[in-house]
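Text of entry_31.txt (compact mmCIF, C-alpha atoms) as supplied:
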# COMPACT_ATOMS: atom_id res chain seq x y z
CA MET X 1 -19.40 -68.56 184.50
CA ASN X 2 -21.80 -67.44 181.80
CA PHE X 3 -21.06 -67.97 178.12
CA TYR X 4 -19.82 -64.40 177.68
CA GLN X 5 -17.27 -64.89 180.49
CA ILE X 6 -16.24 -68.28 179.12
CA LYS X 7 -15.68 -66.87 175.63
CA LYS X 8 -13.77 -63.90 177.00
CA ARG X 9 -11.34 -66.21 178.81
CA LEU X 10 -10.95 -68.63 175.93
CA LYS X 11 -10.25 -65.86 173.44
CA TYR X 12 -6.67 -65.53 174.69
CA LYS X 13 -5.95 -69.26 174.85
CA SER X 14 -4.06 -71.39 172.36
CA VAL X 15 -4.67 -75.12 171.87
CA GLY X 16 -2.39 -77.37 169.86
CA ILE X 17 -4.00 -80.28 168.06
CA ALA X 18 -1.63 -82.95 166.77
CA GLY X 19 -3.41 -84.90 164.04
CA CYS X 20 -6.48 -83.89 162.02
CA GLY X 21 -8.28 -87.24 161.72
CA GLY X 22 -11.34 -88.39 163.64
CA LEU X 23 -10.17 -87.04 166.99
CA GLY X 24 -8.46 -83.87 165.81
CA SER X 25 -11.12 -82.67 163.38
CA ASN X 26 -14.03 -83.19 165.79
CA CYS X 27 -12.15 -81.81 168.79
CA ALA X 28 -11.09 -78.71 166.82
CA LEU X 29 -14.64 -77.94 165.74
CA ALA X 30 -15.94 -78.29 169.32
CA LEU X 31 -13.25 -75.91 170.61
CA ALA X 32 -13.96 -73.48 167.77
CA ARG X 33 -17.67 -73.42 168.62
CA VAL X 34 -17.00 -72.32 172.19
CA GLY X 35 -14.44 -69.74 171.08
CA VAL X 36 -10.87 -70.86 171.85
CA GLY X 37 -8.82 -68.01 170.37
CA GLU X 38 -6.10 -69.94 168.58
CA LEU X 39 -5.87 -73.47 167.25
CA ILE X 40 -2.60 -74.90 165.94
CA ILE X 41 -3.34 -77.97 163.82
CA THR X 42 -0.94 -80.37 162.12
CA ASP X 43 -1.37 -83.30 159.73
CA PHE X 44 0.39 -84.51 156.57
CA ASP X 45 -2.44 -86.70 155.28
CA ILE X 46 -4.99 -86.31 152.49
CA ILE X 47 -8.76 -86.77 152.91
CA GLU X 48 -10.04 -90.09 151.55
CA GLU X 49 -13.63 -91.21 151.14
CA SER X 50 -13.15 -93.82 153.90
CA ASN X 51 -12.40 -91.00 156.39
CA LEU X 52 -15.90 -89.57 156.09
CA ASN X 53 -17.34 -92.22 158.45
CA ARG X 54 -15.97 -90.21 161.38
CA GLN X 55 -13.86 -87.22 160.35
CA TYR X 56 -15.23 -83.69 160.05
CA TYR X 57 -14.81 -83.28 156.30
CA PHE X 58 -17.15 -83.24 153.34
CA PHE X 59 -17.42 -85.21 150.12
CA ASN X 60 -16.16 -82.30 148.01
CA GLN X 61 -12.96 -82.11 150.14
CA ILE X 62 -11.74 -85.60 149.18
CA GLY X 63 -8.17 -85.31 147.92
CA GLU X 64 -7.42 -82.12 149.87
CA LYS X 65 -4.85 -81.90 152.65
CA LYS X 66 -6.56 -82.47 156.00
CA CYS X 67 -4.82 -79.59 157.76
CA PHE X 68 -5.95 -77.01 155.20
CA ALA X 69 -9.46 -78.46 154.79
CA LEU X 70 -9.90 -78.40 158.58
CA LYS X 71 -8.73 -74.79 158.75
CA GLU X 72 -11.35 -73.97 156.11
CA ASN X 73 -14.10 -75.80 158.03
CA ILE X 74 -13.18 -74.12 161.33
CA GLU X 75 -13.16 -70.68 159.73
CA LYS X 76 -16.56 -71.33 158.13
CA LEU X 77 -17.90 -72.02 161.59
CA ASN X 78 -16.18 -69.21 163.49
CA SER X 79 -14.14 -66.67 161.57
CA ASN X 80 -12.86 -65.00 164.77
CA ILE X 81 -10.55 -67.90 165.47
CA LYS X 82 -6.94 -67.86 164.42
CA VAL X 83 -6.08 -71.21 162.86
CA ILE X 84 -2.46 -72.04 162.15
CA ALA X 85 -2.19 -75.15 159.96
CA PHE X 86 0.98 -77.16 159.36
CA ASP X 87 1.22 -79.73 156.57
CA LYS X 88 3.79 -81.87 158.34
CA LYS X 89 4.53 -85.29 159.84
CA LEU X 90 5.44 -84.54 163.45
CA ASN X 91 8.57 -85.77 165.25
CA PRO X 92 9.95 -84.88 168.72
CA LYS X 93 11.80 -81.84 167.38
CA SER X 94 8.86 -80.37 165.47
CA ILE X 95 6.44 -81.16 168.32
CA ILE X 96 8.54 -78.90 170.56
CA GLU X 97 8.91 -76.21 167.88
CA ILE X 98 5.23 -76.07 166.97
CA TYR X 99 3.52 -76.63 170.32
CA SER X 100 5.77 -74.98 172.95
CA ASP X 101 3.60 -71.87 173.24
CA CYS X 102 0.24 -73.66 173.44
CA ASP X 103 -1.67 -73.75 176.72
CA VAL X 104 -2.75 -77.35 176.16
CA ILE X 105 -1.88 -80.04 173.60
CA VAL X 106 -4.41 -82.51 172.23
CA GLU X 107 -2.95 -85.83 171.06
CA ALA X 108 -5.16 -86.78 168.12
CA PHE X 109 -3.14 -89.33 166.18
CA ASP X 110 -4.43 -92.69 165.02
CA LYS X 111 -1.26 -94.81 165.29
CA ALA X 112 -0.01 -96.06 168.68
CA GLU X 113 3.62 -95.26 167.70
CA MET X 114 2.79 -91.59 167.14
CA LYS X 115 0.77 -91.41 170.37
CA GLN X 116 3.80 -92.70 172.24
CA ILE X 117 6.14 -90.21 170.55
CA ILE X 118 4.09 -87.15 171.43
CA ILE X 119 3.20 -88.26 174.98
CA GLU X 120 6.85 -89.05 175.77
CA THR X 121 8.06 -85.84 174.17
CA VAL X 122 5.61 -83.63 176.05
CA LEU X 123 6.13 -85.38 179.41
CA SER X 124 9.92 -85.32 179.18
CA GLU X 125 10.69 -82.15 177.20
CA MET X 126 7.79 -79.84 178.04
CA PRO X 127 7.27 -80.19 181.81
CA GLY X 128 4.03 -78.74 183.13
CA LYS X 129 2.34 -78.73 179.74
CA PRO X 130 -1.01 -80.53 179.88
CA ILE X 131 -1.58 -83.12 177.15
CA VAL X 132 -4.97 -84.71 176.49
CA SER X 133 -4.77 -88.06 174.75
CA GLY X 134 -7.38 -90.34 173.16
CA LEU X 135 -6.78 -94.03 173.89
CA GLY X 136 -9.30 -96.68 172.88
CA MET X 137 -12.43 -95.85 170.89
CA ALA X 138 -12.87 -98.39 168.08
CA GLY X 139 -16.16 -100.18 167.47
CA PHE X 140 -19.63 -99.22 168.70
CA GLY X 141 -21.77 -99.40 171.84
CA GLU X 142 -20.44 -99.69 175.42
CA ASN X 143 -20.98 -96.02 176.19
CA ASN X 144 -20.08 -96.42 179.83
CA SER X 145 -16.66 -97.90 179.17
CA ILE X 146 -15.38 -94.52 177.95
CA LYS X 147 -13.90 -92.33 180.63
CA THR X 148 -11.16 -89.85 181.56
CA GLU X 149 -8.17 -90.42 183.82
CA LYS X 150 -5.50 -87.95 184.93
CA ILE X 151 -1.90 -89.11 185.42
CA GLY X 152 0.16 -86.02 186.25
CA ASP X 153 -0.02 -83.67 183.28
CA LEU X 154 -1.38 -86.45 181.05
CA TYR X 155 -5.15 -86.76 180.66
CA ILE X 156 -6.43 -89.91 178.96
CA CYS X 157 -9.86 -90.11 177.35
CA GLY X 158 -11.15 -93.40 175.98
CA ASP X 159 -12.03 -96.98 176.88
CA ARG X 160 -8.32 -97.92 177.18
CA LYS X 161 -8.83 -101.22 175.31
CA ASN X 162 -10.55 -101.13 171.88
CA GLU X 163 -7.78 -100.98 169.29
CA THR X 164 -8.71 -100.38 165.66
CA SER X 165 -8.72 -103.53 163.50
CA ASP X 166 -10.63 -104.94 160.50
CA ASN X 167 -13.37 -106.19 162.80
CA LEU X 168 -13.29 -103.20 165.09
CA PRO X 169 -13.34 -100.12 162.86
CA PRO X 170 -13.32 -96.59 164.24
CA LEU X 171 -16.80 -95.09 163.77
CA ALA X 172 -18.25 -91.60 164.15
CA PRO X 173 -20.13 -92.03 167.44
CA ARG X 174 -17.37 -93.41 169.69
CA VAL X 175 -14.61 -91.39 167.99
CA GLY X 176 -16.80 -88.30 168.33
CA ILE X 177 -17.47 -89.04 172.00
CA VAL X 178 -13.74 -89.27 172.76
CA ALA X 179 -12.92 -86.19 170.64
CA ASN X 180 -15.54 -84.19 172.53
CA MET X 181 -14.34 -85.56 175.86
CA GLN X 182 -10.88 -84.31 174.93
CA ALA X 183 -12.34 -80.89 174.06
CA ASN X 184 -14.27 -80.90 177.34
CA GLN X 185 -11.11 -81.73 179.28
CA VAL X 186 -9.27 -78.92 177.47
CA LEU X 187 -11.97 -76.46 178.57
CA GLU X 188 -11.72 -77.62 182.16
CA ILE X 189 -7.95 -77.10 182.09
CA LEU X 190 -8.19 -73.70 180.39
CA LEU X 191 -11.04 -72.31 182.46
CA TYR X 192 -9.63 -73.40 185.80
CA ASP X 193 -6.25 -71.95 184.89
CA SER X 194 -6.16 -68.65 186.77
CA LYS X 195 -3.60 -67.00 184.44
CA MET V 196 5.43 -104.67 198.94
CA LYS V 197 2.87 -101.92 198.46
CA ILE V 198 3.00 -99.80 195.31
CA ILE V 199 0.62 -97.49 193.52
CA LEU V 200 0.01 -98.76 190.01
CA ASN V 201 -2.12 -96.66 187.66
CA ASN V 202 -3.62 -94.65 190.51
CA ARG V 203 -4.54 -97.80 192.51
CA GLU V 204 -2.83 -99.27 195.54
CA GLU V 205 -1.52 -102.78 194.94
CA ILE V 206 0.51 -105.35 196.82
CA ILE V 207 3.07 -107.20 194.76
CA ALA V 208 4.98 -110.18 196.11
CA PRO V 209 8.54 -109.70 194.84
CA GLU V 210 10.71 -106.94 196.29
CA ASN V 211 13.17 -104.82 194.32
CA ILE V 212 12.10 -105.84 190.86
CA SER V 213 12.74 -103.85 187.73
CA LEU V 214 10.00 -101.96 185.91
CA ASP V 215 10.48 -104.37 183.03
CA GLU V 216 9.74 -107.34 185.33
CA LEU V 217 6.71 -105.57 186.80
CA ILE V 218 5.31 -105.10 183.28
CA LYS V 219 5.65 -108.87 182.71
CA ILE V 220 4.21 -109.86 186.10
CA LYS V 221 1.19 -107.60 185.65
CA ASN V 222 0.73 -108.90 182.11
CA PHE V 223 0.64 -105.65 180.20
CA THR V 224 0.23 -107.09 176.75
CA PHE V 225 0.16 -104.20 174.29
CA LYS V 226 3.42 -103.61 172.46
CA MET V 227 3.48 -99.85 172.86
CA LEU V 228 3.65 -98.54 176.41
CA VAL V 229 4.37 -95.25 178.13
CA THR V 230 5.78 -95.74 181.63
CA LYS V 231 6.30 -93.32 184.52
CA VAL V 232 7.76 -93.86 187.98
CA ASN V 233 7.10 -91.21 190.63
CA GLY V 234 6.14 -88.73 187.95
CA LYS V 235 9.25 -89.25 185.85
CA LEU V 236 9.00 -90.64 182.35
CA ILE V 237 10.90 -93.91 181.94
CA LYS V 238 11.73 -94.71 178.34
CA LYS V 239 11.74 -98.27 177.02
CA ASP V 240 15.51 -98.78 177.25
CA GLU V 241 15.56 -97.65 180.89
CA ARG V 242 12.90 -100.10 182.11
CA LYS V 243 15.34 -102.95 182.85
CA THR V 244 17.55 -100.75 185.02
CA THR V 245 14.74 -98.95 186.85
CA ILE V 246 14.13 -100.68 190.18
CA ILE V 247 10.72 -100.45 191.80
CA LYS V 248 10.71 -99.70 195.51
CA LYS V 249 8.03 -99.79 198.20
CA ASP V 250 5.47 -96.96 197.87
CA ASP V 251 6.56 -96.04 194.34
CA ASN V 252 3.90 -94.47 192.17
CA ILE V 253 3.93 -96.19 188.79
CA ALA V 254 1.98 -95.55 185.62
CA ILE V 255 1.95 -98.09 182.81
CA ILE V 256 -0.17 -96.84 179.96
CA HIS V 257 -1.08 -98.82 176.85
CA MET V 258 -0.86 -96.97 173.57
CA ILE V 259 -3.91 -98.03 171.58
CA SER V 260 -4.24 -97.31 167.85
CA GLY V 261 -7.34 -95.49 166.70
CA GLY V 262 -8.43 -91.93 166.21
Is it possible to give me this structure as structure tokens?
Amino acid sequence: MNFYQIKKRLKYKSVGIAGCGGLGSNCALALARVGVGELIITDFDIIEESNLNRQYYFFNQIGEKKCFALKENIEKLNSNIKVIAFDKKLNPKSIIEIYSDCDVIVEAFDKAEMKQIIIETVLSEMPGKPIVSGLGMAGFGENNSIKTEKIGDLYICGDRKNETSDNLPPLAPRVGIVANMQANQVLEILLYDSK
Amino acid sequence: MKIILNNREEIIAPENISLDELIKIKNFTFKMLVTKVNGKLIKKDERKTTIIKKDDNIAIIHMISGG
């Protein structure tokens, strides 16, 4: 497939991204660059200076809502993409409402509780819907510990062990690696989907 | 008995144990888990009553904060 064929296929695809932090913002920009037609992004949080060590925002966006700032950054990069932004804290009901029509869902939360909620909701209430999750990416180094595993419709990207803590902060390189692995997995799912 | 745990074949000694017991035996230490048996999601409150049988395909996935 050449890039023209890839873009042509992706133009009619919709990807849901739940969370606009380190994973969500970087994954969204990667998918926007290759031309996924529609991105549905959700977050209730505000950009803080401490987020700039890994999240795709700029100094002058501190204080803005992440979902709207990300929409702005995506549109700056590729204005052909339709970005639907929700300023919302997700729960099982709203996950189903917002993401039912997406081709793939990207789990891009930071907290384990929220990761569990969306994975369980998608696996039990949205059968057949692929979900790509990021699990384990804090700290630095250990490139080769980061990988992808498929368990049914759930795809897991990450090292599966490094949880964020005071002495193991999330940093741009490893978070970016996992976010881009998620984007790469999304492309594989979308481009091998014959529909 | 033989089971498949997280995409790998394993032999576990006890027969007919619950998913909850399997989690303890295999020492899954993180608080937040997502569990599946033969493709079906098993929520936390169903783990004690879900019995693991020979050749079952089980996924026990740690939820890890960070993103």
For stretch 23-28 of chain X, find every residue with an atom within 7 Å (counting only C-alpha atoms), except residues of its own chain fewer than 4 positions away, and show them as a CSV table (one decimal) with C-alpha atoms, keeping the file's coordinate frame.
chain,number,residue,atom,x,y,z
X,17,ILE,CA,-4.0,-80.3,168.1
X,18,ALA,CA,-1.6,-83.0,166.8
X,19,GLY,CA,-3.4,-84.9,164.0
X,32,ALA,CA,-14.0,-73.5,167.8
X,55,GLN,CA,-13.9,-87.2,160.4
X,56,TYR,CA,-15.2,-83.7,160.0
X,70,LEU,CA,-9.9,-78.4,158.6
X,108,ALA,CA,-5.2,-86.8,168.1
X,175,VAL,CA,-14.6,-91.4,168.0
X,176,GLY,CA,-16.8,-88.3,168.3
X,179,ALA,CA,-12.9,-86.2,170.6
X,180,ASN,CA,-15.5,-84.2,172.5
X,182,GLN,CA,-10.9,-84.3,174.9
X,183,ALA,CA,-12.3,-80.9,174.1
V,262,GLY,CA,-8.4,-91.9,166.2
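The space between atom CA of X:Leu52 and atom CA of X:Gly158 spans 20.8 Å.
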Using only C-alpha atoms, what does the table of chain V residues within 12 Å of chain X look like, with each row giving the shortest atom pair and its distance in Å to one decimal, sorted by chain and ascending number, as a tab-separated table?
residue	atom	partner	partner_atom	distance
V:Ile199	CA	X:Ile151	CA	11.9
V:Leu200	CA	X:Ile151	CA	10.9
V:Asn201	CA	X:Ile151	CA	7.9
V:Asn202	CA	X:Ile151	CA	7.7
V:Arg203	CA	X:Ile151	CA	11.5
V:Phe223	CA	X:Lys161	CA	11.5
V:Thr224	CA	X:Lys161	CA	10.9
V:Phe225	CA	X:Lys161	CA	9.5
V:Lys226	CA	X:Ala112	CA	9.1
V:Met227	CA	X:Ala112	CA	6.6
V:Leu228	CA	X:Gln116	CA	7.2
V:Val229	CA	X:Gln116	CA	6.4
V:Thr230	CA	X:Glu120	CA	9.0
V:Lys231	CA	X:Ile151	CA	9.3
V:Val232	CA	X:Gly152	CA	11.1
V:Asn233	CA	X:Gly152	CA	9.7
V:Gly234	CA	X:Gly152	CA	6.8
V:Lys235	CA	X:Ser124	CA	7.8
V:Leu236	CA	X:Ser124	CA	6.3
V:Ile237	CA	X:Glu120	CA	8.8
V:Lys238	CA	X:Glu120	CA	7.9
V:Lys239	CA	X:Glu120	CA	10.5
V:Asn252	CA	X:Ile151	CA	10.4
V:Ile253	CA	X:Ile151	CA	9.8
V:Ala254	CA	X:Ile151	CA	7.5
V:Ile255	CA	X:Ile151	CA	10.1
V:Ile256	CA	X:Arg160	CA	8.7
V:His257	CA	X:Arg160	CA	7.3
V:Met258	CA	X:Ala112	CA	5.0
V:Ile259	CA	X:Ala112	CA	5.2
V:Ser260	CA	X:Ala112	CA	4.5
V:Gly261	CA	X:Asp110	CA	4.4
V:Gly262	CA	X:Asp110	CA	4.2
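Take atom CA of V:Lys197 and atom CA of V:Glu241: the distance between them is 22.1 Å.
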Fewer than 5 positions away in the same chain doesn't count, so skip those; otherwise give me all residues within 10 Å of X:Leu31, counting only C-alpha atoms, as an mmCIF file with C-alpha atoms, keeping the file's coordinate frame.
data_model
loop_
_atom_site.group_PDB
_atom_site.id
_atom_site.type_symbol
_atom_site.label_atom_id
_atom_site.label_comp_id
_atom_site.auth_asym_id
_atom_site.auth_seq_id
_atom_site.Cartn_x
_atom_site.Cartn_y
_atom_site.Cartn_z
ATOM 1 C CA LEU X 10 -10.950 -68.630 175.930
ATOM 2 C CA VAL X 15 -4.670 -75.120 171.870
ATOM 3 C CA ASN X 26 -14.030 -83.190 165.790
ATOM 4 C CA VAL X 36 -10.870 -70.860 171.850
ATOM 5 C CA GLY X 37 -8.820 -68.010 170.370
ATOM 6 C CA GLU X 38 -6.100 -69.940 168.580
ATOM 7 C CA LEU X 39 -5.870 -73.470 167.250
ATOM 8 C CA ILE X 74 -13.180 -74.120 161.330
ATOM 9 C CA ILE X 81 -10.550 -67.900 165.470
ATOM 10 C CA ASN X 180 -15.540 -84.190 172.530
ATOM 11 C CA GLN X 182 -10.880 -84.310 174.930
ATOM 12 C CA ALA X 183 -12.340 -80.890 174.060
ATOM 13 C CA ASN X 184 -14.270 -80.900 177.340
ATOM 14 C CA VAL X 186 -9.270 -78.920 177.470
ATOM 15 C CA LEU X 187 -11.970 -76.460 178.570
#
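When only C-alpha atoms are used to compute distances to X:Ser94, the closest of the residues X:Glu188, X:Lys66, X:Pro127, X:Thr42 turns out to be X:Thr42.
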For X:Phe68: contacts at 10 Å, all atoms listed in the file, fewer than 3 positions along chain excluded, given as an mmCIF file with C-alpha atoms, in the frame of the given file:
data_model
loop_
_atom_site.group_PDB
_atom_site.id
_atom_site.type_symbol
_atom_site.label_atom_id
_atom_site.label_comp_id
_atom_site.auth_asym_id
_atom_site.auth_seq_id
_atom_site.Cartn_x
_atom_site.Cartn_y
_atom_site.Cartn_z
ATOM 1 C CA CYS X 20 -6.480 -83.890 162.020
ATOM 2 C CA ILE X 41 -3.340 -77.970 163.820
ATOM 3 C CA THR X 42 -0.940 -80.370 162.120
ATOM 4 C CA ASP X 43 -1.370 -83.300 159.730
ATOM 5 C CA PHE X 44 0.390 -84.510 156.570
ATOM 6 C CA ILE X 46 -4.990 -86.310 152.490
ATOM 7 C CA GLU X 64 -7.420 -82.120 149.870
ATOM 8 C CA LYS X 65 -4.850 -81.900 152.650
ATOM 9 C CA LYS X 71 -8.730 -74.790 158.750
ATOM 10 C CA GLU X 72 -11.350 -73.970 156.110
ATOM 11 C CA ASN X 73 -14.100 -75.800 158.030
ATOM 12 C CA ILE X 74 -13.180 -74.120 161.330
ATOM 13 C CA VAL X 83 -6.080 -71.210 162.860
ATOM 14 C CA ILE X 84 -2.460 -72.040 162.150
ATOM 15 C CA ALA X 85 -2.190 -75.150 159.960
ATOM 16 C CA PHE X 86 0.980 -77.160 159.360
ATOM 17 C CA ASP X 87 1.220 -79.730 156.570
#
Would you mind listing what lies within 7 Å of stretch 215-221 of chain V as a short mmCIF file (atom, residue, chain, number, x, y, z; two decimals) with C-alpha atoms, keeping the file's coordinate frame, with only C-alpha atoms counted and same-chain residues fewer than 2 positions away left out?
data_model
loop_
_atom_site.label_atom_id
_atom_site.label_comp_id
_atom_site.auth_asym_id
_atom_site.auth_seq_id
_atom_site.Cartn_x
_atom_site.Cartn_y
_atom_site.Cartn_z
CA ILE V 212 12.10 -105.84 190.86
CA SER V 213 12.74 -103.85 187.73
CA PHE V 223 0.64 -105.65 180.20
CA ARG V 242 12.90 -100.10 182.11
CA LYS V 243 15.34 -102.95 182.85
#
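If you look at atom CA of X:Val34 and atom CA of X:Asn78, they are 9.3 Å away from each other.
Across X:Val106, X:Asn143, X:Phe3, X:Leu29, the tightest approach to X:Glu75 is made by X:Leu29 when counting only C-alpha atoms.
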Output of stretch 14-23 of chain X limited to all heavy atoms, as a PDB file, in the first residue's frame:
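So the final result, stored in result.pdb, reads:
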ATOM      1  N   SER X  14     -12.969   6.126  11.816  1.00  0.00           N
ATOM      2  CA  SER X  14     -13.158   6.938  13.015  1.00  0.00           C
ATOM      3  C   SER X  14     -12.461   6.249  14.190  1.00  0.00           C
ATOM      4  O   SER X  14     -12.649   5.055  14.419  1.00  0.00           O
ATOM      5  CB  SER X  14     -14.659   7.083  13.300  1.00  0.00           C
ATOM      6  OG  SER X  14     -14.851   7.716  14.539  1.00  0.00           O
ATOM      7  N   VAL X  15     -11.642   7.004  14.916  1.00  0.00           N
ATOM      8  CA  VAL X  15     -10.936   6.454  16.074  1.00  0.00           C
ATOM      9  C   VAL X  15     -11.332   7.246  17.315  1.00  0.00           C
ATOM     10  O   VAL X  15     -11.296   8.476  17.310  1.00  0.00           O
ATOM     11  CB  VAL X  15      -9.403   6.494  15.875  1.00  0.00           C
ATOM     12  CG1 VAL X  15      -8.682   5.994  17.123  1.00  0.00           C
ATOM     13  CG2 VAL X  15      -8.995   5.658  14.667  1.00  0.00           C
ATOM     14  N   GLY X  16     -11.728   6.523  18.338  1.00  0.00           N
ATOM     15  CA  GLY X  16     -12.071   7.149  19.614  1.00  0.00           C
ATOM     16  C   GLY X  16     -10.867   7.142  20.536  1.00  0.00           C
ATOM     17  O   GLY X  16     -10.222   6.104  20.682  1.00  0.00           O
ATOM     18  N   ILE X  17     -10.565   8.283  21.126  1.00  0.00           N
ATOM     19  CA  ILE X  17      -9.434   8.353  22.050  1.00  0.00           C
ATOM     20  C   ILE X  17      -9.969   8.823  23.402  1.00  0.00           C
ATOM     21  O   ILE X  17     -10.502   9.923  23.517  1.00  0.00           O
ATOM     22  CB  ILE X  17      -8.342   9.291  21.506  1.00  0.00           C
ATOM     23  CG1 ILE X  17      -7.834   8.744  20.161  1.00  0.00           C
ATOM     24  CG2 ILE X  17      -7.200   9.431  22.506  1.00  0.00           C
ATOM     25  CD1 ILE X  17      -6.772   9.581  19.500  1.00  0.00           C
ATOM     26  N   ALA X  18      -9.842   7.945  24.400  1.00  0.00           N
ATOM     27  CA  ALA X  18     -10.388   8.234  25.726  1.00  0.00           C
ATOM     28  C   ALA X  18      -9.258   8.703  26.635  1.00  0.00           C
ATOM     29  O   ALA X  18      -8.452   7.912  27.096  1.00  0.00           O
ATOM     30  CB  ALA X  18     -11.059   6.989  26.290  1.00  0.00           C
ATOM     31  N   GLY X  19      -9.204  10.006  26.859  1.00  0.00           N
ATOM     32  CA  GLY X  19      -8.124  10.617  27.621  1.00  0.00           C
ATOM     33  C   GLY X  19      -7.214  11.409  26.695  1.00  0.00           C
ATOM     34  O   GLY X  19      -6.864  10.932  25.614  1.00  0.00           O
ATOM     35  N   CYS X  20      -6.876  12.622  27.101  1.00  0.00           N
ATOM     36  CA  CYS X  20      -6.028  13.484  26.256  1.00  0.00           C
ATOM     37  C   CYS X  20      -4.761  13.890  27.014  1.00  0.00           C
ATOM     38  O   CYS X  20      -4.315  15.028  26.952  1.00  0.00           O
ATOM     39  CB  CYS X  20      -6.783  14.737  25.821  1.00  0.00           C
ATOM     40  SG  CYS X  20      -8.273  14.393  24.884  1.00  0.00           S
ATOM     41  N   GLY X  21      -4.173  12.950  27.736  1.00  0.00           N
ATOM     42  CA  GLY X  21      -2.916  13.207  28.438  1.00  0.00           C
ATOM     43  C   GLY X  21      -1.733  12.810  27.570  1.00  0.00           C
ATOM     44  O   GLY X  21      -1.741  13.031  26.355  1.00  0.00           O
ATOM     45  N   GLY X  22      -0.748  12.174  28.188  1.00  0.00           N
ATOM     46  CA  GLY X  22       0.467  11.802  27.463  1.00  0.00           C
ATOM     47  C   GLY X  22       0.185  10.814  26.346  1.00  0.00           C
ATOM     48  O   GLY X  22       0.688  10.957  25.229  1.00  0.00           O
ATOM     49  N   LEU X  23      -0.619   9.792  26.627  1.00  0.00           N
ATOM     50  CA  LEU X  23      -0.935   8.803  25.596  1.00  0.00           C
ATOM     51  C   LEU X  23      -1.860   9.389  24.541  1.00  0.00           C
ATOM     52  O   LEU X  23      -1.586   9.319  23.349  1.00  0.00           O
ATOM     53  CB  LEU X  23      -1.590   7.564  26.224  1.00  0.00           C
ATOM     54  CG  LEU X  23      -0.732   6.697  27.140  1.00  0.00           C
ATOM     55  CD1 LEU X  23      -1.571   5.587  27.761  1.00  0.00           C
ATOM     56  CD2 LEU X  23       0.449   6.112  26.383  1.00  0.00           C
TER      57      LEU X  23
END
